[in-house]
Structure formats: C-alpha cells, structure tokens
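Asker: model-v4.cif (mmCIF, C-alpha atoms and all ligand atoms) pasted underneath:
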data_work
loop_
_atom_site.group_PDB
_atom_site.id
_atom_site.type_symbol
_atom_site.label_atom_id
_atom_site.label_comp_id
_atom_site.auth_asym_id
_atom_site.auth_seq_id
_atom_site.Cartn_x
_atom_site.Cartn_y
_atom_site.Cartn_z
ATOM 1 C CA MET U 254 -2.898 -22.162 5.924
ATOM 2 C CA GLU U 255 -0.935 -23.308 2.894
ATOM 3 C CA LYS U 256 -3.633 -22.237 0.482
ATOM 4 C CA PHE U 257 -3.258 -18.606 1.626
ATOM 5 C CA LYS U 258 0.476 -18.616 0.929
ATOM 6 C CA ASP U 259 -0.069 -20.229 -2.476
ATOM 7 C CA ILE U 260 -2.682 -17.656 -3.465
ATOM 8 C CA LEU U 261 -0.456 -14.813 -2.258
ATOM 9 C CA LYS U 262 2.510 -16.203 -4.189
ATOM 10 C CA SER U 263 0.473 -16.616 -7.334
ATOM 11 C CA ASP U 264 -1.010 -13.077 -7.128
ATOM 12 C CA VAL U 265 2.453 -11.584 -6.539
ATOM 13 C CA ALA U 266 3.845 -13.512 -9.527
ATOM 14 C CA ILE U 267 1.020 -12.231 -11.778
ATOM 15 C CA ILE U 268 1.624 -8.632 -10.637
ATOM 16 C CA GLU U 269 5.414 -8.822 -10.941
ATOM 17 C CA ASN U 270 5.193 -10.384 -14.359
ATOM 18 C CA ARG U 271 3.155 -7.433 -15.621
ATOM 19 C CA LEU U 272 5.351 -4.892 -13.798
ATOM 20 C CA LYS U 273 8.460 -6.239 -15.550
ATOM 21 C CA ASN U 274 7.359 -4.868 -18.921
ATOM 22 C CA ILE U 275 5.079 -2.042 -17.913
ATOM 23 C CA PHE U 276 7.239 0.967 -18.830
ATOM 24 C CA PRO U 277 8.013 2.091 -22.388
ATOM 25 C CA SER U 278 11.093 0.300 -23.725
ATOM 26 C CA ASP U 279 11.691 2.477 -26.806
ATOM 27 C CA THR U 280 13.334 5.264 -24.847
ATOM 28 C CA VAL U 281 16.722 6.811 -25.605
ATOM 29 C CA TYR U 282 17.003 10.104 -23.780
ATOM 30 C CA GLN U 283 14.934 8.972 -20.785
ATOM 31 C CA LYS U 284 16.827 5.684 -20.321
ATOM 32 C CA ASN U 285 18.409 6.638 -17.004
ATOM 33 C CA LEU U 286 15.045 7.835 -15.682
ATOM 34 C CA ILE U 287 13.291 4.596 -16.701
ATOM 35 C CA ASP U 288 16.176 2.567 -15.215
ATOM 36 C CA SER U 289 15.682 4.343 -11.900
ATOM 37 C CA MET U 290 11.900 3.764 -11.999
ATOM 38 C CA GLU U 291 12.433 0.076 -12.797
ATOM 39 C CA TYR U 292 15.069 -0.212 -10.069
ATOM 40 C CA SER U 293 12.512 0.612 -7.378
ATOM 41 C CA ILE U 294 9.531 -1.142 -8.978
ATOM 42 C CA ASN U 295 11.435 -4.406 -9.418
ATOM 43 C CA ALA U 296 13.152 -4.272 -6.018
ATOM 44 C CA GLY U 297 10.533 -6.585 -4.488
ATOM 45 C CA GLY U 298 8.119 -5.532 -1.793
ATOM 46 C CA LYS U 299 5.120 -7.386 -0.476
ATOM 47 C CA ARG U 300 2.748 -6.119 -3.208
ATOM 48 C CA LEU U 301 0.068 -5.925 -0.527
ATOM 49 C CA ARG U 302 -2.038 -3.237 -2.209
ATOM 50 C CA PRO U 303 -2.383 -4.808 -5.681
ATOM 51 C CA VAL U 304 -2.996 -8.189 -4.023
ATOM 52 C CA LEU U 305 -5.880 -6.657 -2.047
ATOM 53 C CA PHE U 306 -7.238 -5.215 -5.293
ATOM 54 C CA LEU U 307 -7.071 -8.544 -7.161
ATOM 55 C CA GLU U 308 -8.520 -10.532 -4.257
ATOM 56 C CA THR U 309 -11.470 -8.126 -3.981
ATOM 57 C CA LEU U 310 -12.168 -8.675 -7.677
ATOM 58 C CA LYS U 311 -12.087 -12.425 -7.016
ATOM 59 C CA LEU U 312 -14.501 -12.029 -4.095
ATOM 60 C CA PHE U 313 -17.027 -10.762 -6.652
ATOM 61 C CA GLU U 314 -15.977 -13.340 -9.256
ATOM 62 C CA LYS U 315 -14.434 -10.869 -11.714
ATOM 63 C CA LYS U 316 -11.687 -11.952 -14.098
ATOM 64 C CA ILE U 317 -8.505 -10.425 -12.658
ATOM 65 C CA GLU U 318 -6.545 -10.476 -15.944
ATOM 66 C CA ASP U 319 -8.756 -7.680 -17.315
ATOM 67 C CA PHE U 320 -7.754 -5.303 -14.510
ATOM 68 C CA LEU U 321 -4.029 -5.948 -14.091
ATOM 69 C CA ASP U 322 -2.998 -2.449 -15.158
ATOM 70 C CA ILE U 323 -5.123 -0.922 -12.406
ATOM 71 C CA ALA U 324 -3.555 -3.292 -9.870
ATOM 72 C CA CYS U 325 -0.093 -2.300 -11.121
ATOM 73 C CA SER U 326 -0.990 1.414 -11.068
ATOM 74 C CA ILE U 327 -1.702 1.141 -7.342
ATOM 75 C CA GLU U 328 1.691 -0.505 -6.772
ATOM 76 C CA ILE U 329 3.372 2.141 -8.943
ATOM 77 C CA ILE U 330 1.804 4.947 -6.880
ATOM 78 C CA HIS U 331 2.904 3.196 -3.673
ATOM 79 C CA THR U 332 6.467 2.813 -5.004
ATOM 80 C CA TYR U 333 6.671 6.505 -5.924
ATOM 81 C CA SER U 334 5.633 7.372 -2.365
ATOM 82 C CA LEU U 335 8.411 5.190 -0.942
ATOM 83 C CA ILE U 336 11.065 6.816 -3.171
ATOM 84 C CA HIS U 337 9.969 10.299 -2.113
ATOM 85 C CA ASP U 338 9.579 9.286 1.534
ATOM 86 C CA ASP U 339 13.203 8.072 1.565
ATOM 87 C CA LEU U 340 14.630 11.326 0.145
ATOM 88 C CA PRO U 341 17.011 13.418 2.275
ATOM 89 C CA ALA U 342 14.317 16.117 2.519
ATOM 90 C CA MET U 343 11.918 13.604 4.068
ATOM 91 C CA ASP U 344 13.053 10.533 6.049
ATOM 92 C CA ASP U 345 16.559 10.433 4.569
ATOM 93 C CA ASP U 346 16.709 6.630 4.436
ATOM 94 C CA THR U 347 19.415 4.603 2.738
ATOM 95 C CA LEU U 348 17.811 1.154 2.619
ATOM 96 C CA ARG U 349 14.493 0.107 1.096
ATOM 97 C CA ARG U 350 13.227 -3.291 -0.003
ATOM 98 C CA GLY U 351 16.636 -4.673 0.977
ATOM 99 C CA LYS U 352 18.483 -2.402 -1.446
ATOM 100 C CA PRO U 353 20.096 1.059 -1.353
ATOM 101 C CA THR U 354 17.372 3.671 -1.785
ATOM 102 C CA ASN U 355 16.735 5.230 -5.182
ATOM 103 C CA HIS U 356 18.522 8.528 -4.459
ATOM 104 C CA VAL U 357 21.572 6.677 -3.111
ATOM 105 C CA VAL U 358 21.940 4.855 -6.434
ATOM 106 C CA PHE U 359 20.713 7.448 -8.953
ATOM 107 C CA GLY U 360 21.159 10.770 -7.138
ATOM 108 C CA GLU U 361 18.561 13.015 -5.623
ATOM 109 C CA GLY U 362 17.416 14.778 -8.797
ATOM 110 C CA THR U 363 16.762 11.540 -10.677
ATOM 111 C CA ALA U 364 15.051 9.992 -7.625
ATOM 112 C CA ILE U 365 12.644 12.949 -7.448
ATOM 113 C CA LEU U 366 11.901 12.555 -11.158
ATOM 114 C CA ALA U 367 11.575 8.760 -10.819
ATOM 115 C CA GLY U 368 8.856 9.371 -8.213
ATOM 116 C CA ASP U 369 7.171 11.977 -10.415
ATOM 117 C CA GLY U 370 7.499 9.680 -13.433
ATOM 118 C CA LEU U 371 5.945 6.749 -11.570
ATOM 119 C CA LEU U 372 3.037 8.808 -10.263
ATOM 120 C CA ASN U 373 2.222 10.253 -13.676
ATOM 121 C CA TYR U 374 2.630 6.918 -15.416
ATOM 122 C CA ALA U 375 0.113 5.319 -13.050
ATOM 123 C CA TYR U 376 -2.459 7.888 -14.199
ATOM 124 C CA GLU U 377 -1.543 7.279 -17.854
ATOM 125 C CA LEU U 378 -2.121 3.562 -17.355
ATOM 126 C CA MET U 379 -5.406 4.066 -15.521
ATOM 127 C CA HIS U 380 -6.727 6.409 -18.203
ATOM 128 C CA GLN U 381 -5.598 4.097 -20.988
ATOM 129 C CA PHE U 382 -7.605 1.395 -19.233
ATOM 130 C CA LEU U 383 -10.621 3.688 -18.921
ATOM 131 C CA ILE U 384 -10.494 4.591 -22.617
ATOM 132 C CA SER U 385 -10.490 0.899 -23.512
ATOM 133 C CA ASP U 386 -13.294 0.011 -21.090
ATOM 134 C CA LEU U 387 -15.330 3.115 -20.371
ATOM 135 C CA SER U 388 -17.917 2.692 -17.616
ATOM 136 C CA ILE U 389 -19.060 4.647 -14.582
ATOM 137 C CA ASN U 390 -17.859 1.872 -12.248
ATOM 138 C CA ASN U 391 -14.364 1.903 -13.754
ATOM 139 C CA ALA U 392 -14.263 5.720 -13.598
ATOM 140 C CA GLU U 393 -15.329 5.638 -9.944
ATOM 141 C CA ALA U 394 -12.597 3.114 -9.166
ATOM 142 C CA ILE U 395 -9.952 5.383 -10.674
ATOM 143 C CA TYR U 396 -11.388 8.378 -8.846
ATOM 144 C CA HIS U 397 -11.128 6.422 -5.570
ATOM 145 C CA ILE U 398 -7.459 5.607 -6.162
ATOM 146 C CA SER U 399 -6.641 9.192 -7.231
ATOM 147 C CA LYS U 400 -8.327 10.708 -4.213
ATOM 148 C CA ALA U 401 -6.633 8.265 -1.822
ATOM 149 C CA ALA U 402 -3.214 9.105 -3.252
ATOM 150 C CA GLY U 403 -3.769 12.858 -3.079
ATOM 151 C CA ILE U 404 -4.231 15.738 -0.673
ATOM 152 C CA MET U 405 -7.327 14.141 0.874
ATOM 153 C CA GLY U 406 -5.346 10.942 1.420
ATOM 154 C CA MET U 407 -1.701 9.865 1.339
ATOM 155 C CA ILE U 408 -0.102 13.227 0.505
ATOM 156 C CA GLY U 409 -2.328 14.957 3.092
ATOM 157 C CA GLY U 410 -1.195 12.461 5.745
ATOM 158 C CA GLN U 411 2.438 12.723 4.745
ATOM 159 C CA SER U 412 2.348 16.535 4.912
ATOM 160 C CA VAL U 413 1.025 16.534 8.471
ATOM 161 C CA ASP U 414 3.582 13.839 9.312
ATOM 162 C CA ILE U 415 6.547 15.969 8.264
ATOM 163 C CA GLU U 416 5.066 19.124 9.830
ATOM 164 C CA SER U 417 4.718 17.222 13.123
ATOM 165 C CA GLU U 418 8.333 16.119 13.416
ATOM 166 C CA ASN U 419 9.890 17.252 16.715
ATOM 167 C CA LYS U 420 6.514 18.561 17.898
ATOM 168 C CA GLU U 421 4.106 17.324 20.536
ATOM 169 C CA ILE U 422 0.941 16.311 18.704
ATOM 170 C CA ASP U 423 -2.332 14.912 20.037
ATOM 171 C CA ILE U 424 -3.723 11.466 19.357
ATOM 172 C CA SER U 425 -6.296 12.655 16.837
ATOM 173 C CA THR U 426 -3.548 14.298 14.748
ATOM 174 C CA MET U 427 -1.568 11.061 14.868
ATOM 175 C CA ASP U 428 -4.688 9.109 13.831
ATOM 176 C CA TYR U 429 -5.201 11.537 10.943
ATOM 177 C CA ILE U 430 -1.583 11.053 9.794
ATOM 178 C CA HIS U 431 -1.750 7.279 9.729
ATOM 179 C CA LYS U 432 -5.303 6.915 8.443
ATOM 180 C CA ASN U 433 -4.218 8.968 5.452
ATOM 181 C CA LYS U 434 -0.513 8.333 4.945
ATOM 182 C CA THR U 435 -0.832 4.550 5.144
ATOM 183 C CA GLY U 436 -4.532 3.734 5.382
ATOM 184 C CA ALA U 437 -5.975 5.637 2.434
ATOM 185 C CA LEU U 438 -4.235 3.701 -0.352
ATOM 186 C CA ILE U 439 -4.881 0.375 1.404
ATOM 187 C CA ASN U 440 -8.568 1.326 1.653
ATOM 188 C CA ALA U 441 -8.685 2.378 -2.010
ATOM 189 C CA SER U 442 -7.064 -0.885 -3.108
ATOM 190 C CA ILE U 443 -10.131 -2.714 -1.837
ATOM 191 C CA MET U 444 -12.797 -0.085 -2.474
ATOM 192 C CA SER U 445 -11.775 0.603 -6.076
ATOM 193 C CA ALA U 446 -12.121 -3.102 -6.905
ATOM 194 C CA ALA U 447 -15.449 -3.245 -5.051
ATOM 195 C CA LYS U 448 -16.663 -0.286 -7.135
ATOM 196 C CA ILE U 449 -15.634 -2.035 -10.355
ATOM 197 C CA CYS U 450 -17.708 -5.004 -9.178
ATOM 198 C CA ASN U 451 -20.754 -2.850 -8.432
ATOM 199 C CA ALA U 452 -20.783 -3.838 -4.759
ATOM 200 C CA ASN U 453 -23.895 -2.709 -2.880
ATOM 201 C CA HIS U 454 -23.961 -0.180 -0.049
ATOM 202 C CA SER U 455 -23.653 -2.645 2.828
ATOM 203 C CA GLN U 456 -20.885 -4.606 1.080
ATOM 204 C CA LEU U 457 -18.967 -1.345 0.513
ATOM 205 C CA LYS U 458 -19.407 -0.367 4.141
ATOM 206 C CA ALA U 459 -18.178 -3.732 5.450
ATOM 207 C CA LEU U 460 -15.211 -3.804 3.068
ATOM 208 C CA SER U 461 -14.236 -0.242 3.933
ATOM 209 C CA SER U 462 -14.278 -1.060 7.631
ATOM 210 C CA TYR U 463 -12.218 -4.229 6.980
ATOM 211 C CA ALA U 464 -9.729 -2.149 4.977
ATOM 212 C CA ASP U 465 -9.452 0.577 7.632
ATOM 213 C CA SER U 466 -8.907 -2.016 10.355
ATOM 214 C CA ILE U 467 -6.140 -3.878 8.522
ATOM 215 C CA GLY U 468 -4.653 -0.535 7.414
ATOM 216 C CA LEU U 469 -4.277 0.650 10.988
ATOM 217 C CA THR U 470 -3.024 -2.759 12.125
ATOM 218 C CA PHE U 471 -0.456 -2.534 9.319
ATOM 219 C CA GLN U 472 0.730 0.840 10.627
ATOM 220 C CA ILE U 473 0.871 -0.248 14.282
ATOM 221 C CA THR U 474 2.850 -3.349 13.260
ATOM 222 C CA ASP U 475 5.131 -1.118 11.195
ATOM 223 C CA ASP U 476 5.765 1.095 14.236
ATOM 224 C CA ILE U 477 6.523 -1.950 16.413
ATOM 225 C CA LEU U 478 8.837 -3.441 13.758
ATOM 226 C CA ASP U 479 10.702 -0.138 13.607
ATOM 227 C CA ILE U 480 11.561 -0.744 17.264
ATOM 228 C CA GLU U 481 12.052 -4.477 17.516
ATOM 229 C CA GLY U 482 12.180 -5.781 13.937
ATOM 230 C CA ASP U 483 15.110 -7.345 12.144
ATOM 231 C CA GLN U 484 16.757 -4.925 9.719
ATOM 232 C CA VAL U 485 17.799 -7.655 7.263
ATOM 233 C CA GLU U 486 14.375 -9.307 7.206
ATOM 234 C CA LEU U 487 12.626 -5.935 6.959
ATOM 235 C CA GLY U 488 14.907 -4.711 4.188
ATOM 236 C CA LYS U 489 14.968 -1.204 5.658
ATOM 237 C CA ASN U 490 16.737 0.551 8.498
ATOM 238 C CA ILE U 491 15.090 0.321 11.902
ATOM 239 C CA GLY U 492 14.984 3.043 14.550
ATOM 240 C CA SER U 493 14.117 5.723 12.001
ATOM 241 C CA ASP U 494 10.900 6.750 13.816
ATOM 242 C CA VAL U 495 12.813 7.684 16.968
ATOM 243 C CA GLN U 496 15.588 9.272 14.930
ATOM 244 C CA ASN U 497 13.073 11.435 13.056
ATOM 245 C CA SER U 498 10.974 12.083 16.200
ATOM 246 C CA LYS U 499 7.885 10.547 14.584
ATOM 247 C CA ALA U 500 4.536 10.206 16.299
ATOM 248 C CA THR U 501 3.951 6.464 16.549
ATOM 249 C CA TYR U 502 1.470 4.210 18.350
ATOM 250 C CA PRO U 503 4.134 2.711 20.672
ATOM 251 C CA LYS U 504 5.256 6.248 21.541
ATOM 252 C CA PHE U 505 1.708 7.203 22.568
ATOM 253 C CA TYR U 506 0.445 3.950 24.048
ATOM 254 C CA GLY U 507 3.533 1.807 24.740
ATOM 255 C CA ILE U 508 4.291 -1.447 22.920
ATOM 256 C CA GLU U 509 1.946 -3.752 24.872
ATOM 257 C CA LYS U 510 -1.123 -1.544 24.488
ATOM 258 C CA SER U 511 -0.258 -1.081 20.795
ATOM 259 C CA ARG U 512 -0.195 -4.871 20.386
ATOM 260 C CA GLU U 513 -3.613 -5.120 22.086
ATOM 261 C CA MET U 514 -4.995 -2.437 19.789
ATOM 262 C CA ALA U 515 -3.722 -4.320 16.750
ATOM 263 C CA LEU U 516 -5.399 -7.514 17.997
ATOM 264 C CA GLU U 517 -8.711 -5.731 18.520
ATOM 265 C CA LEU U 518 -8.504 -4.190 15.054
ATOM 266 C CA THR U 519 -7.830 -7.623 13.556
ATOM 267 C CA ASP U 520 -10.993 -8.951 15.253
ATOM 268 C CA THR U 521 -12.975 -6.001 13.885
ATOM 269 C CA ALA U 522 -11.587 -6.628 10.403
ATOM 270 C CA ILE U 523 -12.634 -10.278 10.506
ATOM 271 C CA LYS U 524 -16.132 -9.471 11.865
ATOM 272 C CA ASN U 525 -16.722 -7.297 8.834
ATOM 273 C CA LEU U 526 -16.300 -10.312 6.577
ATOM 274 C CA GLU U 527 -19.290 -12.116 8.096
ATOM 275 C CA MET U 528 -21.744 -10.791 5.522
ATOM 276 C CA PHE U 529 -19.908 -12.573 2.694
ATOM 277 C CA PRO U 530 -20.025 -16.351 2.065
ATOM 278 C CA GLU U 531 -17.461 -17.988 4.367
ATOM 279 C CA ASN U 532 -15.740 -19.936 1.605
ATOM 280 C CA LYS U 533 -15.014 -16.660 -0.191
ATOM 281 C CA THR U 534 -13.420 -14.746 2.659
ATOM 282 C CA GLU U 535 -10.783 -17.243 3.789
ATOM 283 C CA PHE U 536 -8.003 -15.272 2.067
ATOM 284 C CA PHE U 537 -9.047 -11.957 3.665
ATOM 285 C CA LYS U 538 -9.188 -13.590 7.092
ATOM 286 C CA GLU U 539 -5.731 -15.093 6.706
ATOM 287 C CA LEU U 540 -4.419 -11.793 5.369
ATOM 288 C CA ALA U 541 -5.579 -9.989 8.517
ATOM 289 C CA TYR U 542 -3.574 -12.507 10.594
ATOM 290 C CA TYR U 543 -0.601 -12.206 8.233
ATOM 291 C CA ILE U 544 -0.541 -8.426 8.720
ATOM 292 C CA ILE U 545 -0.507 -8.601 12.497
ATOM 293 C CA LYS U 546 2.099 -11.398 12.558
ATOM 294 C CA ARG U 547 4.328 -10.004 9.815
ATOM 295 C CA LYS U 548 8.048 -9.672 10.383
ATOM 296 C CA LYS U 549 8.685 -7.655 7.216
HETATM 297 C C1 LIG K 1 5.957 10.805 -0.046
HETATM 298 C C2 LIG K 1 3.567 11.354 -0.659
HETATM 299 C C3 LIG K 1 4.506 10.554 0.096
HETATM 300 C C4 LIG K 1 4.011 9.622 0.912
HETATM 301 C C5 LIG K 1 4.787 8.675 1.672
HETATM 302 C C6 LIG K 1 4.086 5.354 2.116
HETATM 303 C C7 LIG K 1 4.538 6.562 2.828
HETATM 304 C C8 LIG K 1 3.887 7.847 2.522
HETATM 305 C C9 LIG K 1 5.549 6.519 3.684
HETATM 306 C C10 LIG K 1 6.307 5.296 3.995
HETATM 307 C C11 LIG K 1 6.745 5.415 5.415
HETATM 308 C C12 LIG K 1 6.223 4.312 6.211
HETATM 309 C C13 LIG K 1 7.242 3.427 6.789
HETATM 310 C C14 LIG K 1 4.934 4.159 6.400
HETATM 311 C C15 LIG K 1 4.375 3.102 7.219
HETATM 312 C C16 LIG K 1 3.690 2.002 6.499
HETATM 313 C C17 LIG K 1 4.139 1.789 5.127
HETATM 314 C C18 LIG K 1 3.361 2.456 4.074
HETATM 315 C C19 LIG K 1 5.170 0.976 4.870
HETATM 316 C C20 LIG K 1 5.673 0.649 3.540
HETATM 317 O O1 LIG K 1 4.787 -0.196 2.865
HETATM 318 P P1 LIG K 1 5.050 -1.757 2.698
HETATM 319 O O2 LIG K 1 5.510 -2.360 3.995
HETATM 320 O O3 LIG K 1 6.263 -1.743 1.697
HETATM 321 O O4 LIG K 1 3.845 -2.362 2.058
HETATM 322 P P2 LIG K 1 6.659 -2.794 0.558
HETATM 323 O O5 LIG K 1 8.109 -2.509 0.275
HETATM 324 O O6 LIG K 1 6.419 -4.184 1.067
HETATM 325 O O7 LIG K 1 5.784 -2.463 -0.611
#
Turn the structure described in the file into structure tokens.
Answerer:
Amino acid sequence: MEKFKDILKSDVAIIENRLKNIFPSDTVYQKNLIDSMEYSINAGGKRLRPVLFLETLKLFEKKIEDFLDIACSIEIIHTYSLIHDDLPAMDDDTLRRGKPTNHVVFGEGTAILAGDGLLNYAYELMHQFLISDLSINNAEAIYHISKAAGIMGMIGGQSVDIESENKEIDISTMDYIHKNKTGALINASIMSAAKICNANHSQLKALSSYADSIGLTFQITDDILDIEGDQVELGKNIGSDVQNSKATYPKFYGIEKSREMALELTDTAIKNLEMFPENKTEFFKELAYYIIKRKK
C-alpha cells in the first residue's frame, strides 16, 4: 500500500526535523557531550515508537504538531537505551543504525553520559510540555512513558536479560524480558497518545492488546533477523544473540514455530482494530504487516 509508505515517510520527516534542533545549541563546555547525543539521535533508525505515538493521536483526530516534543522524547529515551545496550558492559556492539556505536566513536565514558543526558533531557522536554499544557490526560501520558522506560518496564526487562546470560531460563522469564525490554516502550508509545486523547476503557484495552501483539512480533522478528538477516540492511551486527547466549524465541521454539507465533500475533493485533472505523485503522493494519515482514 503506497499510502502507508507515504504516511510513514511523512511522519519520520516531521520527527527528524524536530530532532535536528532539539538539544540546546548554546553550549560550550558540554559541546562534546551534545555532539555524542546528536550523533546517535541523527543516525537514522526506523522511528517506530514516535510514529506509533503520532498515528494514535491521528486516530483520535488530534493535531500532531502540538505533541511533537512528546513524540521526540520517546525516541530520545529509545536512543539512550540503544547506546547503553551497545556498551562493552552490556552487549558490546560496534555497529548501530549503520554506524559505529557511540562508545566506539566517543569513548565509553562519554557514551555513558550521552545515554544519561538523553534520558534526562527527555524528561525535561516532557515536563516543559506539561508546564505549557497542564492537564490530567497529559500528566497520565507522561507517567505512562516514564513507567514503561523504568524498573517496571524497559530497565526491568534489560536487567533480567543481562542476569540471564549464559543461564538456562524458563519461557515465562523470557516472556518477561521481552515484554518489558522491548514491549513496554512500544506499548507506551500508543497508550500515552490514547490517554492524551481521552480514549475510553474499551478503546484503551484494544489498543494495548494491539501494541503488545506488535511489540512481541517486533521482538520475534528481531530474533530471527539476528540469525538470518543482512548485516548491511540491518545496520547492526548479526549473530550477537548467540554470541551473548541470549534467550530468544528461535532458541526456545525454533525458527519455524517462531514465524508461526509472529503470524498469529499479527492476526491478534489486527483483530483488536475492529472496534475502530475501518478507514481510520488502515495505517495500523499495514504497520502490523510491515513489522512482521521487516528486513531491518
Ligand atoms: C539499556 C535500559 C537499557 C535497555 C536496552 C532497547 C534495548 C533495551 C535493547 C536493544 C537490544 C535489542 C536488539 C532489542 C530487541 C528489539 C529492539 C528494541 C531493537 C531496536 O529497536 P529498533 O529496531 O531500532 O526500533 P531503530 O534503530 O530502528 O530505532
């Protein structure tokens, strides 16, 4: 569907345009730090999470321009997590978004601070937004994002992930890791926008289930791409899951069963859209297919 690609391209352009000038420019002493933050933020990436946020706003007919800094904050939090995930103390990766990782270019100390700087700046931006447009819905949206990024979400999942390296873990531990490490921020990208739009209980439930289904599909696809993807197209090294003895879906279920699971999850995601007008959910449907078919 050409329309899907056009919408995606236009959303990404809007997000990247704002990201280009999002950090303070009047810095002297922190210049190297800001350079390292900008290096990773402007390195590309699919911008999946802020796109989900903007498209959910559109689903409820909200003006996306008013909420761009929240969309960018989600991408900034995601980018910090990638920088820290690539560090020698974690996955020790040298390639990300088709470029040498942050610590390879700027050194480990600066890369740690770039991640810290990005995370804190996202909260500055979100609170600046809240001060300018104070409402319970906006506060709830920011709470959702903060919780998803924290110990009850992404950091919680990541901590169990690194503790599980080289250990035999059960399926429910693996599910916990991925639901939180990858799924939580994807879920919050949709749910925070739905909160801003005052979505009702059944709409929230359907959107959360859609988000969880595409989030898990995203992870399963990621695991499969780490085995059979193309390093150049992916922009990151492959084989790192085996190298780091990670618990992955193909490791537990085999590749074919993992593919079947991803297909079933995609069906579930799409079923959850049925309660919304069909002409408004075309993008979300196509996005679910894009995630399962993605090569990068
Ligand atoms: C360090 C707190 C902390 C968390 C790290 C995001 C993450 C948690 C780890 C990344 C490791 C990984 C490969 C996870 C699987 C799925 C995933 C989140 C991939 C990266 O996200 P993409 O594909 O990246 O959306 P781009 O570059 O397109 O934004």
Asker: With distances taken over only C-alpha atoms, which residue among U:His397, U:Lys510, U:Lys546, U:Ala452 lies nearest U:Phe313?
Answerer: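 Residue with the minimum atom-to-atom distance to U:Phe313: U:Ala452.
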Asker: Write out as an MDAnalysis selection string which residues come within 6 Å of stretch 483-491 of chain U when counting all atoms listed in the file, dropping same-chain ones fewer than 5 positions away.
Answerer: chainID U and resid 348:351 549
Asker: Assuming the chain letters and numbering stay as they are in my file, what does the PyMOL selection byres (((chain U and resi 545) around 7) and not hetatm) actually select? List them as a compact mmCIF listing (two decimals) with C-alpha atoms, in the coordinates of the input.
Answerer:
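Produced file selection.txt, reproduced below:
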# COMPACT_ATOMS: atom_id res chain seq x y z
CA THR U 470 -3.02 -2.76 12.12
CA PHE U 471 -0.46 -2.53 9.32
CA THR U 474 2.85 -3.35 13.26
CA ALA U 515 -3.72 -4.32 16.75
CA ALA U 541 -5.58 -9.99 8.52
CA TYR U 542 -3.57 -12.51 10.59
CA TYR U 543 -0.60 -12.21 8.23
CA ILE U 544 -0.54 -8.43 8.72
CA LYS U 546 2.10 -11.40 12.56
CA ARG U 547 4.33 -10.00 9.82
Asker: Which residues match the PyMOL selection byres (((chain U and resi 303) around 8) and not hetatm) in the file above, as a list in words?
Answerer: Ile268, Arg300, Leu301, Arg302, Val304, Leu305, Phe306, Leu307, Ala324, Cys325, Ile327, Glu328 and Ser442 of chain U
Asker: Could you tell me which residues the PyMOL selection byres (((not hetatm)) within 9 of (chain K and resi 1)) grabs in this file, written as a VMD selection string?
Answerer: chain U and resid 296 to 302 328 331 to 340 343 to 344 349 to 351 368 402 to 404 407 to 412 431 433 to 436 438 to 439 468 471 to 476 479 487 to 489 493 to 494 549
Asker: Skipping near chain neighbours, those fewer than 2 positions away, what residues fall within 10 Å of U:Ser511 using all atoms listed in the file, listed as a tab-separated table (two decimals) with C-alpha atoms, in the coordinates of the input?
Answerer:
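That gives us result.tsv:
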chain	number	residue	atom	x	y	z
U	470	THR	CA	-3.02	-2.76	12.12
U	473	ILE	CA	0.87	-0.25	14.28
U	474	THR	CA	2.85	-3.35	13.26
U	476	ASP	CA	5.76	1.10	14.24
U	477	ILE	CA	6.52	-1.95	16.41
U	501	THR	CA	3.95	6.46	16.55
U	502	TYR	CA	1.47	4.21	18.35
U	503	PRO	CA	4.13	2.71	20.67
U	504	LYS	CA	5.26	6.25	21.54
U	505	PHE	CA	1.71	7.20	22.57
U	506	TYR	CA	0.44	3.95	24.05
U	507	GLY	CA	3.53	1.81	24.74
U	508	ILE	CA	4.29	-1.45	22.92
U	509	GLU	CA	1.95	-3.75	24.87
U	513	GLU	CA	-3.61	-5.12	22.09
U	514	MET	CA	-5.00	-2.44	19.79
U	515	ALA	CA	-3.72	-4.32	16.75
U	516	LEU	CA	-5.40	-7.51	18.00
U	517	GLU	CA	-8.71	-5.73	18.52
Asker: Stretch 277-286 of chain U: which residues within 9 Å, counting only C-alpha atoms, same-chain residues fewer than 4 positions away excluded, as a PyMOL selection string?
Answerer: chain U and resi 290-291+359+363-364+366-367+370
Asker: First collect every listed atom of stretch 530-543 of chain U; then fit an axis-aligned box around them, widen it by 6 Å on each side, and give centre and edge lengths in Å to one decimal, as AutoDock Vina command-line options.
Answerer:
--center_x -10.3 --center_y -15.0 --center_z 5.2 --size_x 31.4 --size_y 21.9 --size_z 22.8
Asker: Just how far from atom CA of U:Ile395 is atom CA of U:Phe257, in Å to one decimal?
Answerer: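 Spanning atom CA of U:Phe257 to atom CA of U:Ile395 is a straight-line distance of 27.8 Å.
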Asker: Go through U:Ala500, U:Val413, U:Ala437, U:Ile287 and flag the residue nearest U:Lys400, using all atoms listed in the file for the distances.
Answerer: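 Among U:Ala500, U:Val413, U:Ala437, U:Ile287, it is U:Ala437 that comes nearest to U:Lys400.
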Asker: Between atom CA of U:Ile275 and atom CA of U:Asn355, what distance in Å does the model show, to one decimal?
Answerer: 18.7 Å
Asker: What is the atom CA of U:Glu535-atom CA of U:Asp319 distance in Å, reported with one decimal?
Answerer: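 The value is 23.3 Å.
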Asker: From the list U:Val357, U:Leu387, U:Asn295, U:Ala375, which residue is nearest U:Asn270 when using only C-alpha atoms?
Answerer: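 Under the stated criterion, the closest residue is U:Asn295.
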Asker: Tell me which of U:Asn497, U:Ser461, U:Asn419, U:Ser385 sits closest to U:Phe320, counting only C-alpha atoms.
Answerer: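 Ranking U:Asn497, U:Ser461, U:Asn419, U:Ser385 by distance to U:Phe320, first place goes to U:Ser385.
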Asker: Env of U:Ala392: 7 Å cut, atoms = all atoms listed in the file, seq-sep filter 4 positions within chain, self excluded. Answer as a list in words.
Answerer: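 Within the cut-off, the hits are Leu383, Ser388 and Tyr396 of chain U.
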Asker: Can those selected residues be exported to a file as a compact mmCIF listing (two decimals), in the frame of the given file so that it contains C-alpha atoms?
Answerer:
# COMPACT_ATOMS: atom_id res chain seq x y z
CA LEU U 383 -10.62 3.69 -18.92
CA SER U 388 -17.92 2.69 -17.62
CA TYR U 396 -11.39 8.38 -8.85
Asker: For each of U:Pro353, U:Leu371, U:Asp520, U:Tyr376, take the minimum atom-to-atom distance to U:Glu539, counting only C-alpha atoms, then give the residue where this is smallest.
Answerer: U:Asp520
Asker: Using all atoms listed in the file, which residues sit within 9 Å of U:Gly492 once same-chain residues fewer than 6 positions away are excluded, as a PyMOL selection string?
Answerer: chain U and resi 478-481
Asker: From the options U:Asp346, U:Asp288, U:Asp465, U:Glu393, which residue's atoms come nearest to U:Cys450, counting all atoms listed in the file?
Answerer: U:Glu393
